[in-house]
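These notes are about the structure you will find just below.
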Amino acid sequence: MTLPATVAELVREFRASGRIVIVGASLAGLRAAEALREAGFTGSLTVIGDEPYEPYDRPPLSKQVLKGWVAADHTKLPRMREVDAEWRLGVAATGLDRAAKQVCLADGERVPYDRLLIATGTRARQWPNAAEAALHGVHTIRSREDAAALQKELAASPSRVLVIGAGFIGSEVASVCRELGLPVTVVERGAAPLVGALGGVIGEIAAQLQRDHGVDLRCGLGVSSLEGDSGGHVRQARLSDGSTVDADVVVASLGSIRNVEWLEGSGLASGFWGLGCDAGGRAFDINGVVTDSVYVAGDVARAPHVLYEYQFLAMEHWDNAVLGAEVAAHNMVNLEPRYRPHLLLPGFWSGQFGVNIKSVGVPPFGDEIVFTQGSVAERRFAAAYGRRGRIVAAVAFDHGKWLEYYGQLIERSGPFPPPPPGWDQPSDSKPMPAEFPARGAPGAAPDVVLTGHDPSERTAEFRPRRR
Amino acid sequence: MRIVVDLNRCQGYGQCVYLAHEVFRLSGQEALTYEPNPDEEQRLHVERAAAACPVQAIVLDRLDGTEGSTTP
Ligand SMILES: Cc1cc2nc3c(=O)[nH]c(=O)nc-3n(C[C@H](O)[C@H](O)[C@H](O)COP(=O)(O)OP(=O)(O)OC[C@H]3O[C@@H](n4cnc5c(N)ncnc54)[C@H](O)[C@@H]3O)c2cc1C
Ligand code: SF4
């Protein structure tokens, strides 16, 4: 037999009777399982997830669920097709043995694989002081239990809610509180809400939006400690300027942590920003060599993107999980030249204070911003972000239908400032600095993270771990 | 039943709200929110809404009512 014939035979055999294991049974894990079957994979498929539930959708948790409209167990994801998998739910993967090609589970079992997909996502960063974090009334939101617990407390009319951190999720929580008529204080270390994701110019607009809706917003401040009563219930927070806020519900929305600890010692390129992979979802090992049998998708993945100078992007966005999973699944059961790249133009939405905030591209990649449509005063506008004369992202407040126009410009590396769409132009459309915080500055953890590739970071990322 | 709306795609014109107002709501001008697991009795309305959505942003469960929809 010729080599191509042998390889083709191998792929046929793998598709027919290979063993694929997916770790992480959420959005990316489910969509990958479906895509594998769709691509004709008939071998054995095992999906391992530490949550005891079948896959559910998270975005509604900080919105309609918190508000009390939708029950926390009502966000189960629709199925695109039958997956005929063995679901191992409620058990965590605790290790990966790449030499033996086995996933080690918390119950001691080892599950063998021929190809593995890692889709373990992220978790909420907890309030750093463990004793304070354990006080009743202190919350984070990532899972449906988190949302159910917080919803219950919001429904009991607390005297005041304190939200620590004004990223998207913190801002959405504050918005729900105001819709419920609850007094809310938001403390943000950065200069304004959403600055990490959208920059200071938009952040200022978001700040005004919050204040107009009655949020007691305190920027440029941190929370130094939380204090509880004798019953162990949180009652007060002390801020970095020495002032105090009385609150009996505290929501820490401090960003997320990638679930990569279980990969320690596996020799894969995992670290603070997730597990590195190529644009086809194939994981890198610690030396930067691409692996053949380990793939990654969703919030835990970071991959180079051609539109952004091949920088590694870590995207904690819904569409990135769906499309990344589909691409990884396709590549798991295909061979070059049929590999597909995951070159999604990142997109995000957030509903808060009655405004639909959407973006395309990677705003923090830009350093300038220009308002291109609508009116900031009316909070209906679109703005474009630019870098070195090209458009790299756009944001819209209640102007979502225009994002496609900007998306197409970004994909074509269009000029910045962009040609006016010929409608609805604001009176002042001069580019100005977008005011993103310097890396490492407070509030500098955007949702789409440019994790860069300069030498200092490379050292940190690839330093072999000592045990 | 189970649905998910691809809110990156959604244009917020609200046709779905008009056709299935117990399942879809607009919060403000164009921020769509919805009940992801509506009661079975909403099915006809939801299917009409999905068909009417100009950008096909409403995704319905393709296994609903079959065995596979309940086994995780
Ligand atoms: C409250 C909230 C609101 C959001 N709102 C929006 C929004 O408006 N727009 C938007 O675009 N995105 C939003 N997102 C982000 C979106 O939900 C995520 O991008 C998406 O869930 C990523 O899917 P994933 O499958 O990659 O990861 P995850 O959903 O994090 O799933 C990973 C799964 O793996 C499991 N797991 C982890 N470690 C292990 C292990 N060792 N063994 C077994 N299982 C493990 C986890 O428990 C989890 O079930 C929001 C997220 C949250 C939490
Ligand atoms: S009909 Fe479609 S585009 Fe319009 S609001 Fe509903 S989901 Fe969005």
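Quick note on naming: the chains in the structure tokens go A, B, ... in the order shown, residues restart at 1 in each chain, and ligands are numbered from 1 in order of appearance.
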
*Identify, with DSSP run on backbone atoms, the residues in stretch 127-167 of chain A assigned to strand (DSSP E), and express the list as a ChimeraX atom specification.*
/A:138-139,161-164

Spatial neighbours of A:Glu54, 12 Å, only C-alpha atoms, chain gap at least 5 places, as a PDB file with C-alpha atoms, in the first residue's frame:
```pdb
ATOM      1  CA  GLY A  24     -15.664  19.491  30.462  1.00  0.00           C
ATOM      2  CA  ALA A  25     -19.396  18.919  29.935  1.00  0.00           C
ATOM      3  CA  SER A  26     -20.589  22.444  29.246  1.00  0.00           C
ATOM      4  CA  LEU A  27     -21.114  24.544  26.138  1.00  0.00           C
ATOM      5  CA  GLY A  29     -17.914  19.995  25.417  1.00  0.00           C
ATOM      6  CA  LEU A  30     -21.491  19.443  24.253  1.00  0.00           C
ATOM      7  CA  VAL A  47     -17.780  13.095  28.217  1.00  0.00           C
ATOM      8  CA  ILE A  48     -16.442  13.834  31.704  1.00  0.00           C
ATOM      9  CA  GLY A  49     -17.791  16.748  33.727  1.00  0.00           C
ATOM     10  CA  ASP A  73     -32.389  25.002  36.378  1.00  0.00           C
ATOM     11  CA  HIS A  74     -34.105  26.336  33.263  1.00  0.00           C
ATOM     12  CA  THR A  75     -31.053  27.049  31.136  1.00  0.00           C
ATOM     13  CA  LYS A  76     -30.413  23.533  29.842  1.00  0.00           C
ATOM     14  CA  LEU A  77     -28.877  23.768  26.396  1.00  0.00           C
ATOM     15  CA  PRO A  78     -30.824  22.558  23.379  1.00  0.00           C
ATOM     16  CA  ARG A  79     -29.371  19.527  21.606  1.00  0.00           C
ATOM     17  CA  TRP A  87     -21.607  10.799  30.243  1.00  0.00           C
ATOM     18  CA  ARG A  88     -19.491  10.720  33.384  1.00  0.00           C
ATOM     19  CA  LEU A  89     -21.080  13.591  35.288  1.00  0.00           C
ATOM     20  CA  GLY A  90     -20.278  14.685  38.819  1.00  0.00           C
ATOM     21  CA  ARG A 144     -26.383  27.472  38.311  1.00  0.00           C
TER      22      ARG A 144
ATOM     23  CA  GLY B  68     -32.092  11.599  23.712  1.00  0.00           C
ATOM     24  CA  SER B  69     -33.389  14.887  25.045  1.00  0.00           C
ATOM     25  CA  THR B  70     -33.600  13.605  28.593  1.00  0.00           C
ATOM     26  CA  THR B  71     -30.510  11.428  28.815  1.00  0.00           C
ATOM     27  CA  PRO B  72     -27.671  13.834  29.360  1.00  0.00           C
TER      28      PRO B  72
END
```

*Within 7 Å of ligand 1, counting only C-alpha atoms and all ligand atoms: which residues, as a count of residues only?*
46

*Which chains and residue numbers are within 6 Å of ligand 2, counting only C-alpha atoms and all ligand atoms, if I want them as a ChimeraX atom specification?*
/B:10-16,32,53-55,57-58

*Identify all chain B residues at most 10 Å from chain A by counting only C-alpha atoms; ligands do not count. Present them as number ranges by chain.*
B: 1-4, 6-13, 23, 26-38, 59-64, 66-72

Using the selection just defined, write its residues with N, CA and C atoms as a short mmCIF file (atom, residue, chain, number, x, y, z; two decimals), in the first residue's frame.
```cif
data_model
loop_
_atom_site.label_atom_id
_atom_site.label_comp_id
_atom_site.auth_asym_id
_atom_site.auth_seq_id
_atom_site.Cartn_x
_atom_site.Cartn_y
_atom_site.Cartn_z
N MET B 1 -39.59 22.63 26.65
CA MET B 1 -38.71 22.62 25.49
C MET B 1 -37.47 23.45 25.78
N ARG B 2 -36.46 23.32 24.92
CA ARG B 2 -35.21 24.04 25.15
C ARG B 2 -34.84 24.89 23.93
N ILE B 3 -34.46 26.10 24.22
CA ILE B 3 -34.00 26.95 23.12
C ILE B 3 -32.77 27.73 23.58
N VAL B 4 -32.05 28.25 22.62
CA VAL B 4 -31.00 29.21 22.95
C VAL B 4 -31.02 30.26 21.84
N ASP B 6 -28.83 32.96 19.79
CA ASP B 6 -27.48 33.44 19.53
C ASP B 6 -27.55 34.97 19.54
N LEU B 7 -27.20 35.54 20.69
CA LEU B 7 -27.39 36.99 20.84
C LEU B 7 -26.33 37.80 20.12
N ASN B 8 -25.29 37.13 19.61
CA ASN B 8 -24.37 37.86 18.75
C ASN B 8 -25.06 38.19 17.42
N ARG B 9 -25.89 37.25 16.99
CA ARG B 9 -26.60 37.41 15.74
C ARG B 9 -27.83 38.30 15.86
N CYS B 10 -28.53 38.13 16.96
CA CYS B 10 -29.83 38.80 17.17
C CYS B 10 -29.72 40.30 16.90
N GLN B 11 -30.70 40.82 16.17
CA GLN B 11 -30.68 42.24 15.83
C GLN B 11 -31.63 43.04 16.72
N GLY B 12 -32.34 42.35 17.58
CA GLY B 12 -33.18 43.05 18.54
C GLY B 12 -34.37 43.78 17.97
N TYR B 13 -34.87 43.37 16.82
CA TYR B 13 -36.07 44.03 16.30
C TYR B 13 -37.33 43.54 17.01
N VAL B 23 -42.26 34.14 26.19
CA VAL B 23 -40.93 33.51 26.14
C VAL B 23 -39.84 34.54 25.86
N LEU B 26 -38.08 42.17 25.42
CA LEU B 26 -37.02 43.15 25.20
C LEU B 26 -36.85 43.92 26.50
N SER B 27 -35.57 44.09 26.87
CA SER B 27 -35.30 44.91 28.03
C SER B 27 -34.69 46.19 27.47
N GLY B 28 -35.48 47.26 27.48
CA GLY B 28 -35.03 48.49 26.83
C GLY B 28 -35.29 48.41 25.33
N GLN B 29 -34.47 49.10 24.53
CA GLN B 29 -34.70 49.22 23.09
C GLN B 29 -34.43 47.93 22.32
N GLU B 30 -33.33 47.26 22.63
CA GLU B 30 -32.99 46.12 21.78
C GLU B 30 -32.28 44.98 22.49
N ALA B 31 -32.23 45.00 23.83
CA ALA B 31 -31.58 43.88 24.54
C ALA B 31 -32.62 42.78 24.76
N LEU B 32 -32.44 41.68 24.03
CA LEU B 32 -33.42 40.59 24.11
C LEU B 32 -33.11 39.68 25.30
N THR B 33 -34.13 39.31 26.07
CA THR B 33 -33.95 38.25 27.07
C THR B 33 -35.07 37.24 26.82
N TYR B 34 -34.88 36.05 27.35
CA TYR B 34 -35.85 35.00 27.03
C TYR B 34 -35.79 33.89 28.07
N GLU B 35 -36.82 33.05 28.05
CA GLU B 35 -36.88 31.86 28.90
C GLU B 35 -36.26 30.70 28.09
N PRO B 36 -35.10 30.20 28.49
CA PRO B 36 -34.43 29.17 27.68
C PRO B 36 -35.14 27.81 27.68
N ASN B 37 -35.90 27.50 28.72
CA ASN B 37 -36.59 26.21 28.78
C ASN B 37 -38.10 26.43 28.99
N PRO B 38 -38.79 26.97 27.96
CA PRO B 38 -40.21 27.28 28.13
C PRO B 38 -41.08 26.03 28.24
N VAL B 59 -32.35 29.08 18.22
CA VAL B 59 -31.99 27.68 17.97
C VAL B 59 -32.88 26.78 18.82
N LEU B 60 -33.59 25.87 18.18
CA LEU B 60 -34.48 24.96 18.90
C LEU B 60 -33.78 23.62 19.10
N ASP B 61 -34.18 22.91 20.15
CA ASP B 61 -33.67 21.57 20.39
C ASP B 61 -34.17 20.66 19.27
N ARG B 62 -33.23 19.93 18.67
CA ARG B 62 -33.66 19.05 17.57
C ARG B 62 -34.06 17.68 18.08
N LEU B 63 -33.85 17.42 19.37
CA LEU B 63 -34.19 16.11 19.92
C LEU B 63 -35.40 16.17 20.82
N ASP B 64 -35.96 17.37 21.01
CA ASP B 64 -37.06 17.52 21.95
C ASP B 64 -38.12 16.45 21.75
N THR B 66 -37.78 13.36 22.08
CA THR B 66 -37.24 12.02 21.83
C THR B 66 -36.49 11.58 23.07
N GLU B 67 -36.12 10.35 23.08
CA GLU B 67 -35.38 9.75 24.19
C GLU B 67 -34.14 10.57 24.54
N GLY B 68 -33.40 10.96 23.51
CA GLY B 68 -32.09 11.60 23.71
C GLY B 68 -32.17 12.94 24.41
N SER B 69 -33.34 13.56 24.44
CA SER B 69 -33.39 14.89 25.04
C SER B 69 -33.31 14.81 26.56
N THR B 70 -33.63 13.67 27.13
CA THR B 70 -33.60 13.61 28.59
C THR B 70 -32.34 12.94 29.12
N THR B 71 -31.79 11.97 28.36
CA THR B 71 -30.51 11.43 28.82
C THR B 71 -29.47 12.50 28.59
N PRO B 72 -28.66 12.80 29.58
CA PRO B 72 -27.67 13.83 29.36
C PRO B 72 -26.63 13.37 28.34
#
```

*Residues of stretch 15-60 of chain B in helix (DSSP H, G or I) according to DSSP, as a ChimeraX atom specification?*
/B:15-19,40-52

*For A:Leu135, which residue among A:Leu96, A:Ala329, A:Ala237, A:Leu268 is the nearest when counting only C-alpha atoms?*
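Closest to A:Leu135 of all the choices is A:Ala237.
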
*asked:* List as a ChimeraX atom specification the protein and nucleic acid residues near A:Tyr385, meaning an atom at most 9 Å away when only C-alpha atoms are counted, but skip any in the same chain fewer than 5 places from it.
replied: /A:361-370,390-395,416-417,431,434

_Separation of atom CA of A:Arg98 from atom CA of A:Leu36 in Å_ =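 Atom CA of A:Leu36 sits 21.7 Å away from atom CA of A:Arg98.
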
_Å distance separating atom CA of A:Glu261 from atom CA of A:Ala166, one decimal place_ =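 Computing it gives 26.9 Å between the two atoms.
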
*Contacts of stretch 274-287 of chain A at 8 Å (only C-alpha atoms; same-chain gap of 6+ positions) as a ChimeraX atom specification*: /A:258-260,267-268,293-297,299-305,312,314,324,327-328,331,339-343,462,464

Serialized selection, N, CA, C and O atoms, as a compact mmCIF listing (two decimals), in the first residue's frame:
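Writing the result to out.txt gives the following:
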```txt
# COMPACT_ATOMS: atom_id res chain seq x y z
N ARG A 258 -8.64 30.02 34.90
CA ARG A 258 -8.73 28.88 33.98
C ARG A 258 -8.57 27.56 34.73
O ARG A 258 -7.68 27.44 35.59
N ASN A 259 -9.40 26.60 34.38
CA ASN A 259 -9.34 25.29 35.03
C ASN A 259 -8.27 24.41 34.38
O ASN A 259 -8.56 23.54 33.56
N VAL A 260 -7.02 24.67 34.76
CA VAL A 260 -5.90 23.93 34.16
C VAL A 260 -5.10 23.15 35.19
O VAL A 260 -4.17 22.42 34.81
N GLY A 267 2.84 18.02 30.86
CA GLY A 267 3.74 18.49 29.81
C GLY A 267 3.05 19.30 28.74
O GLY A 267 3.62 19.55 27.67
N LEU A 268 1.83 19.73 29.00
CA LEU A 268 1.14 20.58 28.04
C LEU A 268 1.39 22.06 28.36
O LEU A 268 1.72 22.41 29.50
N SER A 293 -2.67 14.44 19.57
CA SER A 293 -3.83 13.75 20.13
C SER A 293 -4.60 14.58 21.17
O SER A 293 -5.62 14.14 21.65
N VAL A 294 -4.11 15.78 21.49
CA VAL A 294 -4.81 16.59 22.49
C VAL A 294 -5.30 17.89 21.85
O VAL A 294 -4.54 18.62 21.22
N TYR A 295 -6.58 18.16 22.04
CA TYR A 295 -7.21 19.35 21.46
C TYR A 295 -7.83 20.16 22.58
O TYR A 295 -8.08 19.65 23.67
N VAL A 296 -8.11 21.42 22.30
CA VAL A 296 -8.68 22.28 23.34
C VAL A 296 -9.65 23.28 22.70
O VAL A 296 -9.46 23.70 21.55
N ALA A 297 -10.72 23.63 23.45
CA ALA A 297 -11.71 24.58 22.94
C ALA A 297 -12.37 25.32 24.09
O ALA A 297 -12.38 24.85 25.23
N ASP A 299 -13.42 28.52 26.75
CA ASP A 299 -12.80 29.52 27.62
C ASP A 299 -11.38 29.16 28.04
O ASP A 299 -10.59 30.03 28.40
N VAL A 300 -11.04 27.87 28.06
CA VAL A 300 -9.73 27.46 28.57
C VAL A 300 -8.65 27.51 27.48
O VAL A 300 -7.47 27.40 27.77
N ALA A 301 -9.06 27.75 26.23
CA ALA A 301 -8.10 27.73 25.12
C ALA A 301 -7.50 29.10 24.85
O ALA A 301 -8.13 30.13 25.10
N ARG A 302 -6.29 29.13 24.37
CA ARG A 302 -5.73 30.38 23.83
C ARG A 302 -5.00 30.05 22.54
O ARG A 302 -4.16 29.16 22.49
N ALA A 303 -5.35 30.77 21.49
CA ALA A 303 -4.83 30.43 20.17
C ALA A 303 -4.42 31.69 19.42
O ALA A 303 -5.00 32.75 19.63
N PRO A 304 -3.43 31.56 18.54
CA PRO A 304 -3.01 32.72 17.75
C PRO A 304 -4.06 33.09 16.71
O PRO A 304 -4.75 32.21 16.19
N HIS A 305 -4.21 34.38 16.46
CA HIS A 305 -5.22 34.86 15.52
C HIS A 305 -4.56 35.73 14.46
O HIS A 305 -3.92 36.72 14.79
N PHE A 312 -1.70 35.38 20.80
CA PHE A 312 -2.57 34.36 21.37
C PHE A 312 -3.75 35.04 22.05
O PHE A 312 -3.57 35.85 22.95
N ALA A 314 -7.15 34.69 24.30
CA ALA A 314 -7.96 33.87 25.19
C ALA A 314 -9.31 34.57 25.26
O ALA A 314 -9.40 35.71 25.67
N GLY A 324 -15.18 27.26 18.43
CA GLY A 324 -13.91 26.58 18.72
C GLY A 324 -14.13 25.08 18.87
O GLY A 324 -13.33 24.27 18.41
N VAL A 327 -14.68 23.51 15.41
CA VAL A 327 -13.43 23.41 14.65
C VAL A 327 -12.55 22.29 15.21
O VAL A 327 -12.04 21.45 14.46
N ALA A 328 -12.40 22.25 16.53
CA ALA A 328 -11.55 21.22 17.13
C ALA A 328 -12.11 19.83 16.79
O ALA A 328 -11.36 18.92 16.41
N ASN A 331 -11.34 18.85 13.25
CA ASN A 331 -9.93 18.51 13.05
C ASN A 331 -9.54 17.20 13.72
O ASN A 331 -8.58 16.55 13.31
N TYR A 339 -7.96 20.27 7.43
CA TYR A 339 -8.04 20.98 8.70
C TYR A 339 -8.74 22.32 8.53
O TYR A 339 -8.59 22.98 7.51
N ARG A 340 -9.49 22.68 9.58
CA ARG A 340 -10.16 23.98 9.54
C ARG A 340 -9.61 24.89 10.62
O ARG A 340 -9.34 24.43 11.71
N PRO A 341 -9.42 26.16 10.33
CA PRO A 341 -8.94 27.09 11.36
C PRO A 341 -10.11 27.72 12.12
O PRO A 341 -11.20 27.86 11.57
N HIS A 342 -9.84 28.09 13.35
CA HIS A 342 -10.84 28.78 14.18
C HIS A 342 -10.48 30.26 14.14
O HIS A 342 -9.74 30.76 14.96
N LEU A 343 -10.97 30.94 13.11
CA LEU A 343 -10.58 32.33 12.94
C LEU A 343 -11.76 33.26 13.18
O LEU A 343 -12.00 34.21 12.46
N PHE A 462 6.16 29.35 30.26
CA PHE A 462 6.70 28.03 29.94
C PHE A 462 7.72 27.52 30.94
O PHE A 462 8.37 26.52 30.72
N PRO A 464 9.18 25.35 33.52
CA PRO A 464 8.75 24.04 34.01
C PRO A 464 8.41 24.14 35.49
O PRO A 464 9.08 24.84 36.23
```

*Record the distance separating atom CA of A:Cys104 and atom CA of A:Ile118, expressed in Å with one decimal.*
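Here the two named atoms are 13.3 Å from each other.
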